[in-house]
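Okay, input.txt is below, compact mmCIF, C-alpha atoms and all ligand atoms:
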# COMPACT_ATOMS: atom_id res chain seq x y z
CA MET A 1 -65.97 -69.89 180.62
CA ASN A 2 -69.17 -67.96 181.18
CA ILE A 3 -71.90 -68.89 178.78
CA GLN A 4 -74.07 -65.99 177.67
CA ARG A 5 -77.56 -67.02 176.73
CA VAL A 6 -80.08 -65.15 174.62
CA LYS A 7 -82.82 -63.48 176.64
CA ASP A 8 -85.50 -63.37 173.98
CA SER A 9 -86.49 -65.94 171.48
CA PRO A 10 -88.99 -65.54 168.66
CA PHE A 11 -90.40 -69.01 169.01
CA THR A 12 -88.69 -71.48 171.34
CA PRO A 13 -88.92 -70.13 174.90
CA VAL A 14 -85.60 -69.84 176.70
CA ASP A 15 -86.95 -69.05 180.17
CA LYS A 16 -85.84 -71.28 182.98
CA ALA A 17 -88.76 -73.46 184.13
CA PRO A 18 -89.50 -73.49 187.88
CA GLU A 19 -87.84 -76.42 189.65
CA PRO A 20 -90.39 -79.01 190.83
CA GLU A 21 -89.94 -80.71 194.18
CA LEU A 22 -88.63 -84.19 193.41
CA GLY A 23 -87.28 -85.35 196.75
CA CYS A 24 -83.96 -87.09 197.11
CA ASP A 25 -84.69 -90.77 197.75
CA ALA A 26 -82.31 -93.23 196.14
CA ILE A 27 -83.75 -94.86 193.02
CA PRO A 28 -83.77 -98.63 193.52
CA ALA A 29 -81.58 -100.60 191.10
CA SER A 30 -84.25 -103.34 191.04
CA ARG A 31 -86.25 -101.17 188.64
CA TYR A 32 -83.59 -101.93 186.07
CA THR A 33 -83.35 -105.66 186.68
CA SER A 34 -86.69 -106.99 187.89
CA ARG A 35 -89.07 -108.91 185.63
CA ASP A 36 -91.90 -107.98 187.92
CA TYR A 37 -91.17 -104.27 187.46
CA MET A 38 -90.83 -104.82 183.72
CA GLU A 39 -94.33 -106.34 183.61
CA LYS A 40 -95.73 -103.46 185.61
CA GLU A 41 -94.14 -101.03 183.20
CA TRP A 42 -95.85 -102.82 180.33
CA GLU A 43 -99.28 -102.95 181.94
CA ASN A 44 -99.29 -99.47 183.44
CA MET A 45 -97.00 -97.39 181.29
CA TRP A 46 -96.13 -98.66 177.80
CA THR A 47 -99.75 -99.50 177.05
CA LYS A 48 -100.98 -96.15 178.39
CA VAL A 49 -98.76 -93.49 176.80
CA TRP A 50 -98.26 -92.05 173.31
CA LEU A 51 -95.29 -93.53 171.42
CA LEU A 52 -93.40 -92.52 168.31
CA GLY A 53 -94.09 -95.07 165.54
CA GLY A 54 -92.52 -93.57 162.42
CA PHE A 55 -92.44 -90.67 160.01
CA LEU A 56 -95.09 -89.18 157.75
CA ALA A 57 -92.66 -88.75 154.86
CA ASP A 58 -92.32 -92.55 154.69
CA ILE A 59 -96.00 -93.13 153.92
CA PRO A 60 -97.16 -90.42 151.50
CA ASP A 61 -99.70 -92.49 149.53
CA PRO A 62 -102.72 -94.68 150.34
CA GLY A 63 -101.55 -98.22 151.09
CA ASP A 64 -98.11 -97.10 152.32
CA TYR A 65 -97.41 -98.48 155.75
CA ILE A 66 -94.84 -98.69 158.53
CA CYS A 67 -94.69 -101.80 160.69
CA THR A 68 -93.15 -100.96 164.07
CA GLU A 69 -92.68 -103.03 167.23
CA ILE A 70 -92.85 -102.34 170.93
CA GLY A 71 -92.45 -105.19 173.43
CA TRP A 72 -94.53 -108.10 172.14
CA GLU A 73 -96.69 -105.82 170.06
CA SER A 74 -96.42 -105.06 166.40
CA ILE A 75 -98.26 -102.12 164.91
CA LEU A 76 -99.18 -101.09 161.39
CA LEU A 77 -99.23 -97.37 160.71
CA VAL A 78 -101.16 -97.11 157.46
CA ARG A 79 -102.09 -94.33 155.02
CA ASP A 80 -105.71 -95.37 154.42
CA SER A 81 -107.88 -94.98 151.34
CA ASP A 82 -108.95 -91.46 152.42
CA GLY A 83 -105.33 -90.40 152.89
CA ASP A 84 -105.56 -90.44 156.69
CA VAL A 85 -102.92 -92.11 158.85
CA ARG A 86 -104.28 -94.86 161.10
CA ALA A 87 -102.78 -97.40 163.47
CA PHE A 88 -103.82 -101.08 163.64
CA TYR A 89 -102.46 -104.00 165.61
CA ASN A 90 -100.51 -106.11 163.14
CA VAL A 91 -102.47 -109.26 163.80
CA CYS A 92 -104.77 -111.31 161.59
CA GLN A 93 -108.09 -111.95 163.29
CA HIS A 94 -108.24 -115.57 162.08
CA ARG A 95 -105.53 -117.32 164.11
CA GLY A 96 -103.29 -114.44 165.14
CA ASN A 97 -100.63 -114.46 162.46
CA GLN A 98 -98.77 -111.22 161.93
CA LEU A 99 -99.64 -109.62 158.63
CA ARG A 100 -96.37 -107.83 157.96
CA VAL A 101 -92.76 -107.85 159.15
CA PRO A 102 -91.17 -104.69 160.59
CA GLY A 103 -90.22 -102.03 158.07
CA ILE A 104 -91.70 -99.65 155.54
CA GLY A 105 -93.79 -100.92 152.63
CA HIS A 106 -96.77 -100.54 150.37
CA ALA A 107 -99.85 -102.75 150.26
CA GLU A 108 -102.93 -102.77 148.04
CA SER A 109 -104.39 -104.90 150.82
CA PHE A 110 -103.05 -106.88 153.77
CA LYS A 111 -103.38 -110.52 152.77
CA CYS A 112 -102.41 -112.88 155.55
CA ALA A 113 -99.84 -115.42 154.39
CA TYR A 114 -101.29 -118.20 156.56
CA HIS A 115 -104.83 -118.85 155.15
CA HIS A 116 -105.25 -115.79 152.93
CA TRP A 117 -107.71 -113.82 155.00
CA GLU A 118 -107.37 -110.44 153.33
CA TRP A 119 -107.84 -106.99 154.86
CA THR A 120 -108.28 -103.62 153.20
CA ILE A 121 -105.91 -100.77 153.98
CA ASP A 122 -108.81 -99.41 156.08
CA GLY A 123 -108.73 -102.49 158.30
CA GLU A 124 -111.94 -104.09 156.96
CA VAL A 125 -112.37 -107.62 155.64
CA LYS A 126 -111.68 -107.78 151.92
CA ASN A 127 -111.89 -111.50 151.41
CA ILE A 128 -112.12 -114.65 153.50
CA PRO A 129 -111.70 -118.02 151.72
CA ASP A 130 -114.58 -120.47 152.30
CA PRO A 131 -116.64 -118.00 154.35
CA ASP A 132 -119.59 -120.42 154.67
CA ASP A 133 -117.45 -122.94 156.52
CA PHE A 134 -117.75 -121.26 159.91
CA PRO A 135 -120.40 -122.74 162.24
CA GLN A 136 -120.18 -119.50 164.28
CA GLY A 137 -121.63 -117.67 161.28
CA LEU A 138 -120.08 -115.49 158.62
CA PRO A 139 -116.90 -113.98 160.08
CA CYS A 140 -116.90 -111.21 157.47
CA ASP A 141 -119.55 -109.31 159.42
CA LYS A 142 -117.85 -109.71 162.77
CA VAL A 143 -114.16 -108.98 162.34
CA GLN A 144 -111.88 -106.12 161.46
CA LEU A 145 -108.31 -105.22 162.30
CA LYS A 146 -108.14 -103.77 165.79
CA GLU A 147 -107.42 -100.06 165.62
CA MET A 148 -105.78 -97.77 168.17
CA PRO A 149 -105.45 -94.00 168.64
CA CYS A 150 -103.07 -92.42 166.14
CA ASP A 151 -102.04 -88.81 165.56
CA THR A 152 -99.20 -86.78 164.10
CA TRP A 153 -96.87 -83.98 165.12
CA GLY A 154 -93.56 -82.71 163.73
CA GLY A 155 -93.64 -85.03 160.73
CA MET A 156 -93.85 -87.95 163.17
CA ILE A 157 -96.58 -90.56 163.58
CA TRP A 158 -97.62 -91.37 167.13
CA PHE A 159 -99.79 -94.20 168.40
CA SER A 160 -101.16 -95.31 171.73
CA MET A 161 -102.39 -98.71 172.90
CA ASN A 162 -104.61 -96.86 175.39
CA GLU A 163 -108.11 -96.41 173.94
CA ASP A 164 -108.80 -93.67 176.51
CA VAL A 165 -105.51 -91.83 176.06
CA GLU A 166 -105.54 -88.04 176.29
CA PRO A 167 -105.17 -86.15 172.98
CA LEU A 168 -101.58 -86.20 171.66
CA ALA A 169 -101.38 -82.39 171.87
CA ASP A 170 -102.19 -82.56 175.60
CA TYR A 171 -99.73 -85.37 176.14
CA LEU A 172 -96.88 -83.54 174.41
CA GLY A 173 -97.60 -80.41 176.45
CA VAL A 174 -95.16 -77.57 175.74
CA VAL A 175 -92.93 -79.59 173.43
CA PRO A 176 -94.51 -78.77 170.03
CA SER A 177 -94.61 -75.05 170.79
CA HIS A 178 -90.90 -75.24 171.64
CA LEU A 179 -89.76 -77.29 168.69
CA ASP A 180 -91.92 -76.31 165.72
CA ALA A 181 -89.26 -73.66 164.94
CA TYR A 182 -87.01 -76.47 163.67
CA HIS A 183 -89.46 -77.64 160.97
CA PHE A 184 -88.64 -81.32 161.41
CA GLU A 185 -91.26 -82.11 158.78
CA LYS A 186 -88.95 -80.65 156.11
CA MET A 187 -85.92 -82.71 157.15
CA VAL A 188 -84.81 -85.92 155.43
CA CYS A 189 -83.79 -89.10 157.21
CA VAL A 190 -80.12 -89.78 156.36
CA ASN A 191 -79.44 -92.52 158.91
CA ASP A 192 -81.80 -95.17 160.30
CA ALA A 193 -80.47 -97.99 162.46
CA THR A 194 -81.41 -100.34 165.28
CA VAL A 195 -79.12 -102.24 167.60
CA GLU A 196 -79.79 -104.53 170.55
CA TRP A 197 -78.01 -103.52 173.73
CA HIS A 198 -77.57 -105.64 176.83
CA CYS A 199 -78.97 -103.19 179.32
CA ASN A 200 -82.33 -102.10 180.61
CA TRP A 201 -84.02 -99.50 178.41
CA LYS A 202 -83.94 -97.01 181.30
CA SER A 203 -80.15 -97.25 181.65
CA SER A 204 -79.97 -95.95 178.11
CA ILE A 205 -82.49 -93.14 178.78
CA ASP A 206 -80.46 -92.06 181.81
CA ALA A 207 -77.23 -92.03 179.82
CA PHE A 208 -78.58 -89.41 177.42
CA ASN A 209 -80.29 -87.22 180.00
CA GLU A 210 -77.28 -85.87 181.83
CA THR A 211 -73.94 -84.32 180.88
CA TYR A 212 -72.22 -85.33 184.14
CA HIS A 213 -70.77 -88.34 182.30
CA VAL A 214 -69.15 -86.34 179.50
CA GLN A 215 -65.89 -86.06 181.50
CA GLY A 216 -65.80 -89.84 181.97
CA ILE A 217 -67.20 -91.33 178.79
CA HIS A 218 -66.80 -88.60 176.15
CA PRO A 219 -63.71 -86.58 177.15
CA GLN A 220 -63.28 -85.43 173.54
CA LEU A 221 -66.57 -83.51 173.74
CA MET A 222 -65.15 -81.24 176.43
CA TRP A 223 -63.22 -79.52 173.63
CA CYS A 224 -66.33 -78.36 171.77
CA LEU A 225 -69.21 -78.05 174.24
CA ASP A 226 -69.86 -76.85 177.76
CA ASP A 227 -71.01 -79.86 179.78
CA VAL A 228 -71.33 -77.89 183.03
CA ASP A 229 -73.21 -74.67 182.28
CA VAL A 230 -76.28 -76.52 181.06
CA GLN A 231 -79.77 -75.11 181.57
CA THR A 232 -82.14 -77.85 182.66
CA ASP A 233 -85.92 -77.45 182.46
CA LEU A 234 -88.39 -79.98 183.79
CA TYR A 235 -91.93 -79.82 182.46
CA ASP A 236 -94.95 -81.97 183.17
CA LYS A 237 -93.80 -85.35 181.80
CA HIS A 238 -91.02 -84.19 179.56
CA SER A 239 -87.79 -82.24 179.97
CA ARG A 240 -84.98 -80.51 178.17
CA TYR A 241 -81.49 -79.22 178.64
CA LEU A 242 -79.76 -76.57 176.62
CA VAL A 243 -76.14 -77.49 175.93
CA PRO A 244 -73.84 -74.75 174.60
CA PHE A 245 -71.84 -75.93 171.58
CA GLY A 246 -68.83 -74.07 170.19
CA ALA A 247 -67.47 -73.65 173.72
CA ILE A 248 -65.13 -75.67 175.90
CA SER A 249 -65.81 -77.37 179.16
CA PRO A 250 -64.91 -75.38 182.29
CA ARG A 251 -63.34 -78.65 183.47
CA ILE A 252 -60.55 -77.96 180.96
CA ASN A 253 -57.74 -75.65 181.91
CA LEU A 254 -56.78 -74.17 178.57
CA GLU A 255 -53.43 -72.43 178.65
CA ASP A 256 -53.73 -70.43 175.46
CA PRO A 257 -57.29 -69.34 174.60
CA LYS A 258 -56.07 -68.35 171.15
CA GLN A 259 -55.50 -72.05 170.37
CA ILE A 260 -58.89 -73.07 169.02
CA PRO A 261 -59.33 -76.84 169.61
CA GLY A 262 -59.79 -78.98 166.50
CA PRO A 263 -63.42 -80.02 167.18
CA MET A 264 -64.33 -76.36 167.57
CA GLN A 265 -62.58 -75.52 164.32
CA ASP A 266 -64.67 -78.23 162.64
CA MET A 267 -67.82 -76.44 163.83
CA MET A 268 -66.53 -73.17 162.40
CA VAL A 269 -65.85 -74.79 159.06
CA ALA A 270 -69.33 -76.36 159.06
CA ALA A 271 -70.75 -72.88 159.55
CA GLY A 272 -68.70 -71.54 156.62
CA MET A 273 -65.96 -69.81 158.66
CA ASP A 274 -62.21 -70.05 158.17
CA PRO A 275 -60.40 -70.91 161.43
CA ALA A 276 -57.03 -70.00 159.86
CA THR A 277 -57.96 -66.33 159.59
CA TYR A 278 -60.08 -66.19 162.75
CA GLU A 279 -59.05 -63.41 165.12
CA GLY A 280 -61.08 -64.34 168.17
CA ASP A 281 -60.37 -66.98 170.79
CA VAL A 282 -62.18 -69.95 172.37
CA THR A 283 -64.42 -67.63 174.37
CA THR A 284 -65.79 -65.90 171.27
CA VAL A 285 -66.22 -68.80 168.86
CA ARG A 286 -69.77 -69.71 169.88
CA ARG A 287 -71.13 -66.18 169.48
CA ASP A 288 -69.20 -65.65 166.26
CA ILE A 289 -70.58 -68.82 164.71
CA GLN A 290 -74.04 -67.59 165.63
CA LYS A 291 -73.39 -64.12 164.18
CA HIS A 292 -71.91 -65.60 161.03
CA ARG A 293 -74.94 -67.82 160.44
CA ARG A 294 -77.34 -65.01 161.27
CA ALA A 295 -75.60 -62.60 158.91
CA GLN A 296 -75.93 -65.09 156.10
CA GLY A 297 -79.60 -65.48 156.97
CA ASN A 298 -81.58 -67.88 154.87
CA SER A 299 -78.88 -67.84 152.21
CA ILE A 300 -77.29 -70.74 154.12
CA GLY A 301 -79.94 -72.76 152.34
CA PHE A 302 -82.70 -73.16 154.89
CA ASP A 303 -84.96 -71.03 157.04
CA ILE A 304 -83.50 -69.92 160.37
CA SER A 305 -85.86 -67.03 160.94
CA ASP A 306 -87.82 -68.81 163.69
CA MET A 307 -84.67 -69.59 165.68
CA ASN A 308 -82.85 -67.59 168.29
CA ASP A 309 -79.07 -67.15 168.05
CA ASP A 310 -78.28 -69.90 170.56
CA GLN A 311 -80.18 -72.37 168.42
CA LEU A 312 -77.66 -71.69 165.64
CA THR A 313 -74.97 -73.47 167.68
CA ASP A 314 -76.39 -75.24 170.71
CA ASP A 315 -78.13 -78.55 171.28
CA TYR A 316 -81.63 -77.90 172.54
CA HIS A 317 -81.96 -81.41 173.84
CA TYR A 318 -85.50 -82.61 174.56
CA PHE A 319 -86.78 -85.80 176.14
CA ILE A 320 -90.35 -86.88 175.46
CA PHE A 321 -91.50 -89.43 178.01
CA PRO A 322 -91.08 -92.37 177.97
CA ASN A 323 -88.53 -93.07 175.27
CA LEU A 324 -87.71 -90.35 172.77
CA THR A 325 -84.68 -88.07 172.84
CA LEU A 326 -84.31 -85.22 170.37
CA ASN A 327 -80.91 -83.62 169.79
CA THR A 328 -81.91 -80.54 167.85
CA HIS A 329 -79.67 -78.29 165.78
CA CYS A 330 -80.60 -75.64 163.25
CA ASP A 331 -79.73 -77.92 160.35
CA SER A 332 -80.19 -81.41 161.79
CA LEU A 333 -82.03 -83.64 164.21
CA MET A 334 -80.76 -86.77 165.91
CA LEU A 335 -83.46 -88.95 167.42
CA PHE A 336 -82.95 -91.78 169.89
CA ARG A 337 -85.75 -94.21 170.74
CA GLN A 338 -85.38 -96.87 173.41
CA ARG A 339 -87.63 -99.91 173.28
CA PRO A 340 -87.83 -102.61 175.94
CA HIS A 341 -87.00 -106.21 175.08
CA GLU A 342 -90.04 -108.51 174.87
CA THR A 343 -89.13 -110.54 177.95
CA ASP A 344 -85.72 -109.60 179.30
CA PRO A 345 -85.16 -106.52 181.51
CA ASP A 346 -81.43 -106.82 180.77
CA LYS A 347 -81.90 -106.15 177.06
CA MET A 348 -83.33 -103.38 174.94
CA TYR A 349 -83.48 -102.06 171.38
CA PHE A 350 -81.87 -98.76 170.54
CA ASP A 351 -83.16 -96.94 167.45
CA ILE A 352 -81.26 -94.00 166.04
CA TRP A 353 -82.35 -91.67 163.25
CA ASN A 354 -80.42 -88.72 161.87
CA PHE A 355 -82.29 -86.10 159.88
CA ALA A 356 -80.75 -83.35 157.76
CA MET A 357 -82.36 -80.17 156.52
CA PRO A 358 -82.09 -80.11 152.73
CA LYS A 359 -80.51 -76.94 151.40
CA GLU A 360 -82.27 -74.93 148.76
CA GLY A 361 -80.59 -75.38 145.41
CA GLU A 362 -78.84 -78.60 146.44
CA ASP A 363 -79.93 -82.18 145.79
CA VAL A 364 -82.24 -83.56 148.45
CA PRO A 365 -80.47 -86.52 150.09
CA GLU A 366 -81.99 -89.97 149.61
CA ARG A 367 -84.00 -91.42 152.47
CA ALA A 368 -81.58 -93.83 154.19
CA ASN A 369 -82.42 -97.53 154.28
CA HIS A 370 -82.96 -99.09 157.68
CA ARG A 371 -80.00 -101.07 159.06
CA GLU A 372 -80.03 -103.71 161.80
CA LEU A 373 -76.65 -103.38 163.49
CA VAL A 374 -74.70 -105.59 165.88
CA HIS A 375 -73.30 -104.16 169.09
CA GLY A 376 -69.51 -104.42 169.25
CA LYS A 377 -69.26 -104.93 165.49
CA ASP A 378 -70.97 -101.99 163.82
CA SER A 379 -70.43 -98.35 164.72
CA LEU A 380 -73.09 -95.79 165.52
CA GLY A 381 -70.52 -92.99 165.58
CA LEU A 382 -67.92 -92.34 168.27
CA VAL A 383 -70.14 -90.67 170.87
CA VAL A 384 -72.93 -93.26 170.86
CA ASP A 385 -70.35 -96.07 170.63
CA GLN A 386 -68.80 -94.75 173.84
CA ASP A 387 -72.19 -94.87 175.59
CA ALA A 388 -72.92 -98.29 174.10
CA PHE A 389 -69.64 -99.67 175.37
CA ASN A 390 -70.42 -98.50 178.88
CA LEU A 391 -74.07 -99.51 179.24
CA PRO A 392 -73.74 -103.32 179.57
CA ARG A 393 -71.29 -102.73 182.38
CA VAL A 394 -73.78 -100.45 184.12
CA GLN A 395 -76.41 -103.17 183.75
CA ARG A 396 -74.18 -105.79 185.33
CA GLY A 397 -73.41 -103.41 188.17
CA MET A 398 -77.14 -102.92 188.77
CA HIS A 399 -77.31 -106.65 189.57
CA SER A 400 -74.43 -106.51 192.04
CA ARG A 401 -74.99 -107.39 195.70
CA GLY A 402 -72.48 -104.59 196.30
CA PHE A 403 -74.89 -101.96 194.90
CA GLU A 404 -77.47 -101.99 197.66
CA LYS A 405 -78.30 -98.35 198.08
CA GLY A 406 -79.53 -97.69 194.58
CA LEU A 407 -78.78 -94.74 192.33
CA TRP A 408 -77.39 -91.51 193.74
CA ILE A 409 -78.71 -88.64 191.69
CA PRO A 410 -76.99 -85.23 191.91
CA PHE A 411 -78.90 -82.03 191.14
CA GLN A 412 -77.29 -81.80 187.69
CA GLU A 413 -78.78 -85.23 186.87
CA ARG A 414 -82.29 -84.21 187.90
CA ARG A 415 -83.76 -85.06 184.50
CA ILE A 416 -83.21 -88.68 185.56
CA ARG A 417 -85.07 -88.13 188.79
CA HIS A 418 -87.85 -86.35 186.91
CA PHE A 419 -88.07 -89.24 184.45
CA HIS A 420 -88.38 -91.70 187.33
CA LYS A 421 -91.04 -89.54 188.98
CA THR A 422 -93.10 -89.63 185.78
CA LEU A 423 -92.52 -93.37 185.52
CA GLU A 424 -93.70 -93.79 189.12
CA ASP A 425 -96.83 -91.79 188.32
CA TYR A 426 -97.70 -94.52 185.80
CA VAL A 427 -96.20 -97.65 187.32
CA GLY A 428 -96.35 -96.93 191.06
CA GLU A 429 -93.41 -97.26 193.44
S1 LIG A 501 -104.04 -116.54 160.61
FE1 LIG A 501 -104.37 -115.14 159.05
S2 LIG A 501 -105.53 -116.22 157.61
FE2 LIG A 501 -105.21 -117.62 159.18
FE FE A 502 -73.13 -90.23 176.51
Please express what this file holds, its structure, as structure tokens.
Ligand code: FES
Ligand SMILES: [Fe+2]
Amino acid sequence: MNIQRVKDSPFTPVDKAPEPELGCDAIPASRYTSRDYMEKEWENMWTKVWLLGGFLADIPDPGDYICTEIGWESILLVRDSDGDVRAFYNVCQHRGNQLRVPGIGHAESFKCAYHHWEWTIDGEVKNIPDPDDFPQGLPCDKVQLKEMPCDTWGGMIWFSMNEDVEPLADYLGVVPSHLDAYHFEKMVCVNDATVEWHCNWKSSIDAFNETYHVQGIHPQLMWCLDDVDVQTDLYDKHSRYLVPFGAISPRINLEDPKQIPGPMQDMMVAAGMDPATYEGDVTTVRRDIQKHRRAQGNSIGFDISDMNDDQLTDDYHYFIFPNLTLNTHCDSLMLFRQRPHETDPDKMYFDIWNFAMPKEGEDVPERANHRELVHGKDSLGLVVDQDAFNLPRVQRGMHSRGFEKGLWIPFQERRIRHFHKTLEDYVGE
């Protein structure tokens, strides 16, 4: 099936980016298994880049905070007394106790549970018991919570452990100008979960940055999206691919195009169409869903005026280096964040958030509570479960003496190569 793409777009550019020269060396599997490489990543990459910490909607008022973790570090993202959002290391300056546990909360002040040193929401000392008992002199004048760069974009709060980091807008490059059309800041979080996976964090990044594996791991998706005719664009640090939804995979040999597959019918229903009376065939569904949504305009309950027609069906799938994947749709956003384990290159934490665009005139959904899930016991939905099932086996294979040559990366998986190139720029070979 030939996918037709829009040529013009009011907001999100659709032009194909020039292909950078990335070479074709095999990527060594040791990057996924070595503690030495893991430490280099921490020193030279994780502590140098901008990272997603949480969402503005979760901390509207002074004293609201999010406590988020990366590696050994724990970070407080706080709405301060002026209403600004700031990031502090979550560590009491007395003897290093952590002030808060991970999650979202509200604090009038941050009082350490250990000896009651108390900090304002602006990171200053509020009270220290027995302040005259310090031969070094009054600590009140000498200590404050250690702060780090913090900024916001797209309703998201970003922090960096690098005091000299470039401005967030420079770091994100083209991404905000591409994605502001979706108005993430108006969406509501309807799913929020974390699960530990037994694989390196990069195995998980790789698994979401190519569609080559759809035929193997997600065969059911071949009945509602085109996993082959995917436009891939590599930018400075980040990348995207544009995956046509409401189409079938060219790997499928469909005998009767009039038989609309069930998953495609589900998409039609979600767009307000009736598959029973539909007169087109599988080759026209994608365009007709787009036309149907466009004809309804903003009466579908939210603003689609900044989006091109393809955005009304397709997944404009962005990756922000090093660890954030955005599956964007006109009415929803699915975010994946991979975090490394503190000490073990064979483990990682996978965070998933689903956001929905509230519809005008309908009740705004409640912000979902965070859930800590267990791999193999709790479900993250069929598609992610399929990836999750596979990844520990990939990780074991990375350790095999029979896997000497490293990763073979075809052209269609070049987002993986691009990701590794960016990683190398930070970490070295
Ligand atoms: S470690 Fe916080 S008060 Fe002692
Ligand atoms: Fe997958």
Tell me, counting only C-alpha atoms and all ligand atoms, for each residue of chain A within 9 Å of ligand LIG 501 (chain A), which pair of atoms is nearest and how far apart they are in Å to one decimal, in rows ordered by chain and increasing number, as a tab-separated table.
residue	atom	partner	partner_atom	distance
A:Val91	CA	A:LIG501	FE1	7.8
A:Cys92	CA	A:LIG501	FE1	4.6
A:Gln93	CA	A:LIG501	FE1	6.5
A:His94	CA	A:LIG501	S1	4.6
A:Arg95	CA	A:LIG501	S1	3.9
A:Gly96	CA	A:LIG501	S1	5.0
A:Asn97	CA	A:LIG501	S1	4.4
A:Gln98	CA	A:LIG501	FE1	7.4
A:Leu99	CA	A:LIG501	FE1	7.3
A:Lys111	CA	A:LIG501	S2	7.8
A:Cys112	CA	A:LIG501	FE1	4.6
A:Ala113	CA	A:LIG501	FE1	6.5
A:Tyr114	CA	A:LIG501	FE2	4.8
A:His115	CA	A:LIG501	S2	3.7
A:His116	CA	A:LIG501	S2	4.7
A:Trp117	CA	A:LIG501	S2	4.2
A:Glu118	CA	A:LIG501	S2	7.4
A:Ile128	CA	A:LIG501	S2	7.9
A:Pro129	CA	A:LIG501	S2	8.7
Around ligand FE 502 (chain A), at most 8 Å away and counting all atoms listed in the file, which residues are there? Put them as a ChimeraX atom specification, please.
/A:207-208,211,213-214,217-218,383-384,386-387
Atom-to-atom span, CA of Asp236 (chain A) and CA of Glu163 (chain A), Å
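If I compute the distance from CA of Asp236 (chain A) to CA of Glu163 (chain A), I get 21.6 Å.
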Determine, counting only C-alpha atoms, which protein, DNA and RNA residues have an atom within 9 Å of an atom of region 279-293 of chain A; residues of the same chain fewer than 4 positions away are not included. Present the result as a PyMOL selection string.
chain A and resi 1-4+244-248+256-261+264-265+267-268+271-273+275+297-298+300+304+309-314
Could you list, as a ChimeraX atom specification, every residue within 6 Å of region 145-149 of chain A, counting all atoms listed in the file and ignoring same-chain residues fewer than 5 positions away?
/A:87-89,123,159-161
Could you write region 158-169 of chain A of the block just shown to a file containing N, CA and C atoms, as a tab-separated table (two decimals), in the first residue's frame?
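File decode16.tsv, as written:
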chain	number	residue	atom	x	y	z
A	158	TRP	N	11.94	20.05	33.42
A	158	TRP	CA	13.22	19.47	33.04
A	158	TRP	C	14.29	19.95	34.01
A	159	PHE	N	15.23	19.09	34.32
A	159	PHE	CA	16.34	19.47	35.19
A	159	PHE	C	17.63	18.96	34.58
A	160	SER	N	18.74	19.55	35.05
A	160	SER	CA	20.05	19.05	34.63
A	160	SER	C	21.00	19.11	35.80
A	161	MET	N	21.81	18.07	35.96
A	161	MET	CA	22.82	18.05	37.02
A	161	MET	C	24.08	18.78	36.57
A	162	ASN	N	24.07	19.32	35.37
A	162	ASN	CA	25.21	20.03	34.81
A	162	ASN	C	25.02	21.53	35.03
A	163	GLU	N	25.84	22.12	35.90
A	163	GLU	CA	25.68	23.55	36.20
A	163	GLU	C	25.92	24.41	34.97
A	164	ASP	N	26.71	23.91	34.02
A	164	ASP	CA	27.03	24.69	32.82
A	164	ASP	C	26.23	24.24	31.61
A	165	VAL	N	25.12	23.58	31.84
A	165	VAL	CA	24.36	23.03	30.70
A	165	VAL	C	23.85	24.16	29.81
A	166	GLU	N	23.73	23.86	28.51
A	166	GLU	CA	23.17	24.84	27.58
A	166	GLU	C	21.71	25.09	27.96
A	167	PRO	N	21.12	26.22	27.48
A	167	PRO	CA	19.70	26.45	27.79
A	167	PRO	C	18.84	25.30	27.26
A	168	LEU	N	17.75	25.00	27.97
A	168	LEU	CA	16.88	23.89	27.56
A	168	LEU	C	16.41	24.05	26.11
A	169	ALA	N	16.06	25.30	25.75
A	169	ALA	CA	15.56	25.52	24.38
A	169	ALA	C	16.61	25.12	23.35
